[in-house]
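The data block below is query-v7.cif; it holds mmCIF, C-alpha atoms.
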```
data_query
loop_
_atom_site.label_atom_id
_atom_site.label_comp_id
_atom_site.auth_asym_id
_atom_site.auth_seq_id
_atom_site.Cartn_x
_atom_site.Cartn_y
_atom_site.Cartn_z
CA MET A 1 36.61 143.67 163.11
CA LYS A 2 39.34 143.74 160.42
CA ARG A 3 42.06 142.96 163.00
CA ARG A 4 39.97 140.08 164.34
CA ILE A 5 39.62 138.60 160.82
CA VAL A 6 43.37 138.89 160.20
CA PHE A 7 44.11 137.22 163.54
CA SER A 8 41.64 134.44 162.76
CA LYS A 9 43.39 133.82 159.42
CA PHE A 10 46.70 133.64 161.26
CA LEU A 11 45.31 131.03 163.64
CA CYS A 12 43.96 128.98 160.74
CA THR A 13 47.33 129.11 158.96
CA PHE A 14 49.19 128.19 162.15
CA ALA A 15 46.82 125.29 162.85
CA THR A 16 47.21 124.02 159.28
CA ASP A 17 51.00 124.13 159.54
CA MET A 18 50.87 122.24 162.83
CA MET A 19 48.63 119.56 161.33
CA THR A 20 50.69 119.05 158.18
CA ASN A 21 53.94 119.31 160.11
CA THR A 22 56.07 119.42 156.96
CA PRO A 23 59.48 121.02 156.33
CA SER A 24 59.63 124.66 155.27
CA LEU A 25 59.07 125.03 151.54
CA ASP A 26 62.17 127.17 151.03
CA LEU A 27 64.30 124.61 152.89
CA VAL A 28 62.84 121.83 150.73
CA GLU A 29 63.64 123.82 147.58
CA PHE A 30 67.24 124.34 148.73
CA ILE A 31 67.75 120.69 149.66
CA GLU A 32 66.18 119.33 146.48
CA THR A 33 68.15 121.60 144.15
CA GLN A 34 71.50 121.97 145.94
CA ILE A 35 71.99 118.85 148.10
CA LEU A 36 70.11 115.79 146.82
CA PRO A 37 71.55 115.88 143.26
CA ARG A 38 74.97 115.08 144.78
CA TYR A 39 73.74 111.56 145.55
CA ALA A 40 73.77 110.78 141.82
CA GLU A 41 77.55 110.32 142.20
CA PHE A 42 77.23 107.41 144.64
CA ASP A 43 76.63 103.68 144.20
CA LYS A 44 73.15 102.13 143.91
CA ALA A 45 73.01 101.36 147.63
CA HIS A 46 73.50 105.03 148.50
CA ASN A 47 71.88 106.84 145.60
CA LEU A 48 69.03 109.34 145.35
CA GLN A 49 66.42 106.66 145.95
CA HIS A 50 68.17 105.70 149.20
CA VAL A 51 68.40 109.24 150.59
CA GLN A 52 64.75 109.89 149.71
CA LYS A 53 63.76 106.78 151.69
CA VAL A 54 65.83 107.99 154.65
CA ILE A 55 64.20 111.42 154.44
CA ASN A 56 60.67 109.96 154.37
CA ALA A 57 61.37 107.62 157.27
CA SER A 58 63.01 110.43 159.27
CA LEU A 59 59.98 112.68 158.83
CA LEU A 60 57.63 109.95 160.00
CA LEU A 61 59.75 109.27 163.09
CA ALA A 62 60.16 113.00 163.83
CA ARG A 63 56.38 113.49 163.80
CA LYS A 64 55.88 110.45 166.00
CA MET A 65 58.51 111.55 168.51
CA GLY A 66 57.76 115.27 168.50
CA ALA A 67 61.12 116.32 167.04
CA ASP A 68 61.82 119.36 164.88
CA ILE A 69 60.77 118.52 161.31
CA ASN A 70 63.20 120.88 159.59
CA MET A 71 66.15 119.50 161.55
CA ALA A 72 65.21 115.88 160.88
CA TYR A 73 64.78 116.67 157.18
CA ALA A 74 68.15 118.39 156.79
CA ILE A 75 70.00 115.72 158.79
CA ALA A 76 68.62 112.98 156.55
CA ALA A 77 69.54 114.95 153.42
CA TYR A 78 73.17 115.41 154.49
CA HIS A 79 73.77 112.06 156.20
CA ASP A 80 75.71 110.32 153.39
CA LEU A 81 77.35 113.24 151.57
CA GLY A 82 80.69 112.12 153.01
CA LEU A 83 80.67 109.18 150.60
CA SER A 84 82.42 111.55 148.23
CA GLY A 85 85.50 110.60 150.29
CA PRO A 86 86.67 107.46 152.15
CA ARG A 87 83.71 105.28 153.14
CA ALA A 88 85.18 104.33 156.52
CA VAL A 89 84.88 107.90 157.79
CA HIS A 90 81.97 109.06 155.65
CA HIS A 91 79.79 109.79 158.69
CA ILE A 92 82.44 112.16 160.07
CA THR A 93 82.94 113.79 156.69
CA SER A 94 79.18 114.19 156.26
CA GLY A 95 78.99 115.97 159.62
CA LYS A 96 81.76 118.35 158.58
CA ILE A 97 80.01 119.11 155.29
CA LEU A 98 76.82 120.00 157.15
CA MET A 99 78.64 122.06 159.79
CA GLN A 100 80.57 124.04 157.18
CA ASP A 101 77.56 124.80 154.97
CA ALA A 102 76.89 128.43 155.88
CA ARG A 103 73.66 128.41 153.88
CA LEU A 104 71.99 126.43 156.67
CA LYS A 105 72.22 129.48 158.95
CA ARG A 106 69.17 130.79 157.15
CA TRP A 107 67.05 128.15 158.89
CA PHE A 108 68.99 126.98 161.93
CA SER A 109 70.75 128.41 164.98
CA PRO A 110 74.38 127.51 165.80
CA GLU A 111 73.16 125.12 168.51
CA GLN A 112 70.78 123.38 166.10
CA ILE A 113 73.55 123.01 163.52
CA ARG A 114 75.82 121.47 166.16
CA LEU A 115 73.10 118.94 167.09
CA MET A 116 72.55 118.16 163.43
CA LYS A 117 76.27 117.60 162.84
CA GLU A 118 76.40 115.18 165.78
CA ALA A 119 73.32 113.35 164.52
CA VAL A 120 74.89 112.84 161.09
CA GLU A 121 78.09 111.57 162.76
CA ASP A 122 76.05 109.15 164.89
CA HIS A 123 74.03 107.56 162.07
CA ARG A 124 76.52 104.87 161.09
CA ALA A 125 75.45 101.29 161.79
CA SER A 126 78.86 100.27 163.18
CA ALA A 127 78.79 102.94 165.90
CA SER A 128 79.51 101.27 169.24
CA ARG A 129 77.66 103.85 171.34
CA ALA A 130 74.14 105.22 171.26
CA PRO A 131 73.47 108.43 169.30
CA ARG A 132 73.87 111.56 171.42
CA SER A 133 70.40 112.97 170.72
CA ILE A 134 66.95 112.03 169.51
CA TYR A 135 67.98 113.33 166.08
CA GLY A 136 70.83 110.85 165.89
CA LYS A 137 68.44 108.04 166.81
CA ILE A 138 65.95 109.17 164.18
CA VAL A 139 68.42 109.24 161.27
CA ALA A 140 70.13 106.05 162.43
CA GLU A 141 66.79 104.24 162.51
CA ALA A 142 65.65 105.76 159.21
CA ASP A 143 68.91 104.69 157.54
CA ARG A 144 68.29 101.06 158.46
CA ASP A 145 65.69 99.57 156.14
CA MET A 146 65.64 96.10 157.63
CA GLN A 147 63.31 94.45 155.15
CA PRO A 148 65.29 91.31 154.31
CA GLU A 149 65.01 91.66 150.53
CA THR A 150 66.04 95.32 150.68
CA VAL A 151 69.10 94.53 152.83
CA ILE A 152 70.11 91.68 150.54
CA ARG A 153 69.67 93.75 147.37
CA ARG A 154 71.63 96.74 148.72
CA THR A 155 74.47 94.45 149.83
CA ILE A 156 74.63 92.87 146.38
CA GLN A 157 74.50 96.29 144.71
CA PHE A 158 77.39 97.49 146.84
CA GLY A 159 79.43 94.40 145.97
CA LEU A 160 78.82 94.73 142.24
CA SER A 161 79.75 98.42 142.35
CA HIS A 162 82.91 98.11 144.46
CA TYR A 163 84.21 94.63 143.59
CA PRO A 164 83.52 94.16 139.85
CA GLN A 165 86.46 91.76 139.55
CA LEU A 166 84.72 89.07 141.64
CA ASP A 167 82.87 86.16 140.06
CA THR A 168 79.51 84.94 141.39
CA GLU A 169 81.10 82.73 144.07
CA GLY A 170 83.36 85.57 145.15
CA HIS A 171 80.35 87.85 145.55
CA TRP A 172 78.51 85.14 147.50
CA GLN A 173 81.41 84.73 149.92
CA ARG A 174 81.72 88.49 150.42
CA PHE A 175 77.95 88.69 150.88
CA GLN A 176 77.90 85.93 153.51
CA LYS A 177 80.76 87.50 155.45
CA HIS A 178 79.06 90.90 155.48
CA MET A 179 75.70 89.43 156.54
CA ASP A 180 77.32 87.54 159.40
CA GLU A 181 79.43 90.45 160.63
CA LYS A 182 76.69 93.08 160.44
CA TYR A 183 73.22 91.51 160.68
CA ALA A 184 73.57 88.19 162.54
CA SER A 185 72.60 88.02 166.23
CA HIS A 186 76.26 88.70 167.12
CA GLY A 187 76.61 91.38 164.43
CA TYR A 188 77.54 94.98 165.01
CA ILE A 189 74.33 96.66 163.83
CA ARG A 190 72.36 98.45 166.55
CA LEU A 191 68.79 99.73 166.54
CA TRP A 192 68.04 102.58 168.93
CA ILE A 193 64.23 102.81 168.82
CA HIS A 194 62.79 99.75 170.55
CA GLY A 195 59.62 98.16 169.24
CA SER A 196 60.14 99.61 165.79
CA GLU A 197 59.23 97.91 162.53
CA ASN A 198 62.96 97.62 161.82
CA GLU A 199 63.38 95.49 164.92
CA LYS A 200 60.78 93.03 163.63
CA GLN A 201 62.32 92.95 160.16
CA LEU A 202 65.79 92.34 161.58
CA GLN A 203 64.54 89.24 163.37
CA GLN A 204 63.24 87.89 160.06
CA LEU A 205 66.56 88.60 158.38
CA ARG A 206 68.43 86.79 161.15
CA LEU A 207 66.26 83.72 160.68
CA LEU A 208 67.19 83.74 157.00
CA ILE A 209 70.90 84.14 157.80
CA GLU A 210 70.65 80.98 159.92
CA GLN A 211 69.41 79.08 156.83
CA PRO A 212 72.26 79.39 154.29
CA GLU A 213 70.62 77.20 151.65
CA GLN A 214 67.50 79.35 151.60
CA MET A 215 69.61 82.50 151.72
CA ARG A 216 71.61 81.29 148.68
CA GLN A 217 68.39 80.91 146.69
CA VAL A 218 67.41 84.50 147.48
CA PHE A 219 70.95 85.71 146.76
CA ASP A 220 71.06 83.98 143.36
CA ARG A 221 67.71 85.46 142.31
CA ILE A 222 68.55 89.03 143.30
CA PHE A 223 72.14 88.79 142.03
CA ASP A 224 70.82 87.71 138.63
CA GLU A 225 68.28 90.58 138.64
CA GLU A 226 71.00 93.13 139.38
CA LYS A 227 73.33 91.69 136.72
CA THR A 228 70.68 91.49 133.98
CA GLY A 229 68.45 94.39 135.00
CA LYS A 230 65.41 92.10 134.78
CA ILE A 231 63.28 91.77 137.91
CA GLN A 232 61.80 88.29 138.33
CA LYS A 233 58.10 88.16 139.20
#
```

For this file, produce the structure as structure tokens.
Amino acid sequence: MKRRIVFSKFLCTFATDMMTNTPSLDLVEFIETQILPRYAEFDKAHNLQHVQKVINASLLLARKMGADINMAYAIAAYHDLGLSGPRAVHHITSGKILMQDARLKRWFSPEQIRLMKEAVEDHRASASRAPRSIYGKIVAEADRDMQPETVIRRTIQFGLSHYPQLDTEGHWQRFQKHMDEKYASHGYIRLWIHGSENEKQLQQLRLLIEQPEQMRQVFDRIFDEEKTGKIQK
């Protein structure tokens, strides 16, 4: 009878874990104390708030697509660590940082770590080919918050952080060029999960890009908010 009770408790615990489908608590503790604080060094567009959004979106997609929750969580946590070096190759650097972190062997096999490294490398929006695995597609999709206002704000934040010498018109010109090259219908951004909410949001953003006068009004409002720190209601 005692063995049967113990076994029943095991089944209940297993069923609960399957239903919650959350990352391992010890992995979460490691990531939150050893990895996420490093994002405090980066600009507003890639700070702690950004990586937390990517993590949350990755977990939602992983549950929906039946992927490994721990892998999706760790990939999202490491995806932008390479911003400590040159931005142009940050996705490659991030993959190397993950691959070389021996502490991850506590939770993942060598094959899982290899897949995770590739996923981090494949997350960049300018990648010309599709991610090599479902994990690359998950983090790439999670990294792309296509809500028009969010995209506009992050682009302005990046400009203010990296080009402080520009005046308002200089920022507007840089902003327009970036919007056209990345988000317009001929832009380089790619979404890899069809029918996603991001796909719908990107269409809305493209409509706004095609209306420069309306886009300038939105730009001026958000630019002023970022300069003054006062959000307009």

Produce a table with one row for each residue of stretch 42-70 of chain A that has an atom at most 8 Å from any atom of stretch 134-143 of chain A, each row naming the nearest atom pair and its distance in Å at one decimal; use all atoms listed in the file; arrange rows by chain and rising residue number; format as a tab-separated table.
```
residue	atom	partner	partner_atom	distance
A:Lys53	CA	A:Ala142	CA	7.8
A:Val54	CA	A:Ala142	CA	5.1
A:Ile55	CA	A:Ala142	CA	7.5
A:Ala57	CA	A:Ala142	CA	5.1
A:Ser58	CA	A:Ala142	CA	5.4
A:Leu61	CA	A:Ile138	CA	6.3
A:Ala62	CA	A:Ile138	CA	7.0
A:Ala67	CA	A:Tyr135	CA	7.5
```

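You will find atom CA of A:Ala130 at 21.5 Å from atom CA of A:Asp180.
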
Run the PyMOL selection byres ((chain A and resi 72) around 7) against the file shown and list the residues it catches, as a compact mmCIF listing (two decimals) with C-alpha atoms, in the frame of the given file.
```txt
# COMPACT_ATOMS: atom_id res chain seq x y z
CA SER A 58 63.01 110.43 159.27
CA LEU A 59 59.98 112.68 158.83
CA ALA A 62 60.16 113.00 163.83
CA ASP A 68 61.82 119.36 164.88
CA ILE A 69 60.77 118.52 161.31
CA ASN A 70 63.20 120.88 159.59
CA MET A 71 66.15 119.50 161.55
CA TYR A 73 64.78 116.67 157.18
CA ALA A 74 68.15 118.39 156.79
CA ILE A 75 70.00 115.72 158.79
CA ALA A 76 68.62 112.98 156.55
CA TYR A 135 67.98 113.33 166.08
```

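Between atom CA of A:Asn47 and atom CA of A:Lys96 there is a distance of 20.0 Å.
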
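Between atom CA of A:Arg154 and atom CA of A:Val51 there is a distance of 13.0 Å.
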
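Of the residues listed (A:Asp122, A:Asp101, A:Glu213, A:Asp80), A:Asp80 shows the shortest atom-to-atom separation from A:His46; distances use all atoms listed in the file.
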
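Residues of protein, DNA and RNA with at least one atom no farther than 8 Å from (76.7, 110.5, 163.8) are, using all atoms listed in the file, His91, Ile92, Gly95, Lys117, Glu118, Ala119, Val120, Glu121, Asp122, His123, Arg124, Pro131 and Gly136 of chain A.
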
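Restricting the calculation to only C-alpha atoms, the smallest distance between A:Tyr163 and any of A:Arg190, A:Gly229, A:Asp43, A:Leu98 is found for A:Asp43.
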
Q | For stretch 223-226 of chain A: contacts at 12 Å, only C-alpha atoms, fewer than 4 positions along chain excluded, given as a PyMOL selection string | A | chain A and resi 44-45+149+152-161+167-169+171-172+175+215-219+230-233

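Nearest to A:His79 of all the residues A:Ala184, A:Leu60, A:Leu27, A:Ile97 is A:Ile97, counting only C-alpha atoms.
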
Q.
Just checking: using only C-alpha atoms, which residue out of A:Ile193, A:Lys227, A:Lys182, A:Tyr188 ends up closest to A:Leu205?
A. A:Lys182

Could you write out as a short mmCIF file (atom, residue, chain, number, x, y, z; two decimals) with C-alpha atoms, in the coordinates of the input the residues that the PyMOL selection byres ((chain A and resi 39) around 9) matches in the shown file?
```cif
data_model
loop_
_atom_site.label_atom_id
_atom_site.label_comp_id
_atom_site.auth_asym_id
_atom_site.auth_seq_id
_atom_site.Cartn_x
_atom_site.Cartn_y
_atom_site.Cartn_z
CA ILE A 35 71.99 118.85 148.10
CA LEU A 36 70.11 115.79 146.82
CA PRO A 37 71.55 115.88 143.26
CA ARG A 38 74.97 115.08 144.78
CA ALA A 40 73.77 110.78 141.82
CA GLU A 41 77.55 110.32 142.20
CA PHE A 42 77.23 107.41 144.64
CA ASP A 43 76.63 103.68 144.20
CA HIS A 46 73.50 105.03 148.50
CA ASN A 47 71.88 106.84 145.60
CA LEU A 48 69.03 109.34 145.35
CA GLN A 49 66.42 106.66 145.95
CA HIS A 50 68.17 105.70 149.20
CA VAL A 51 68.40 109.24 150.59
CA ASP A 80 75.71 110.32 153.39
CA LEU A 81 77.35 113.24 151.57
CA LEU A 83 80.67 109.18 150.60
#
```

(Q) the PyMOL selection byres ((chain A and resi 201) around 12) - which residues does that actually catch in the file I just gave you? List them as a PyMOL selection string. (A) chain A and resi 144-151+183+191+195-200+202-208

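When all atoms listed in the file are used to compute distances to A:Pro212, the closest of the residues A:Arg132, A:Lys177, A:His90, A:His186 turns out to be A:Lys177.
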
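Comparing the minimum interatomic distances between A:Gln211 and each of A:Gly170, A:Ser109, A:Glu32, A:Gln176, counting all atoms listed in the file, we find that A:Gln176 sits nearest.
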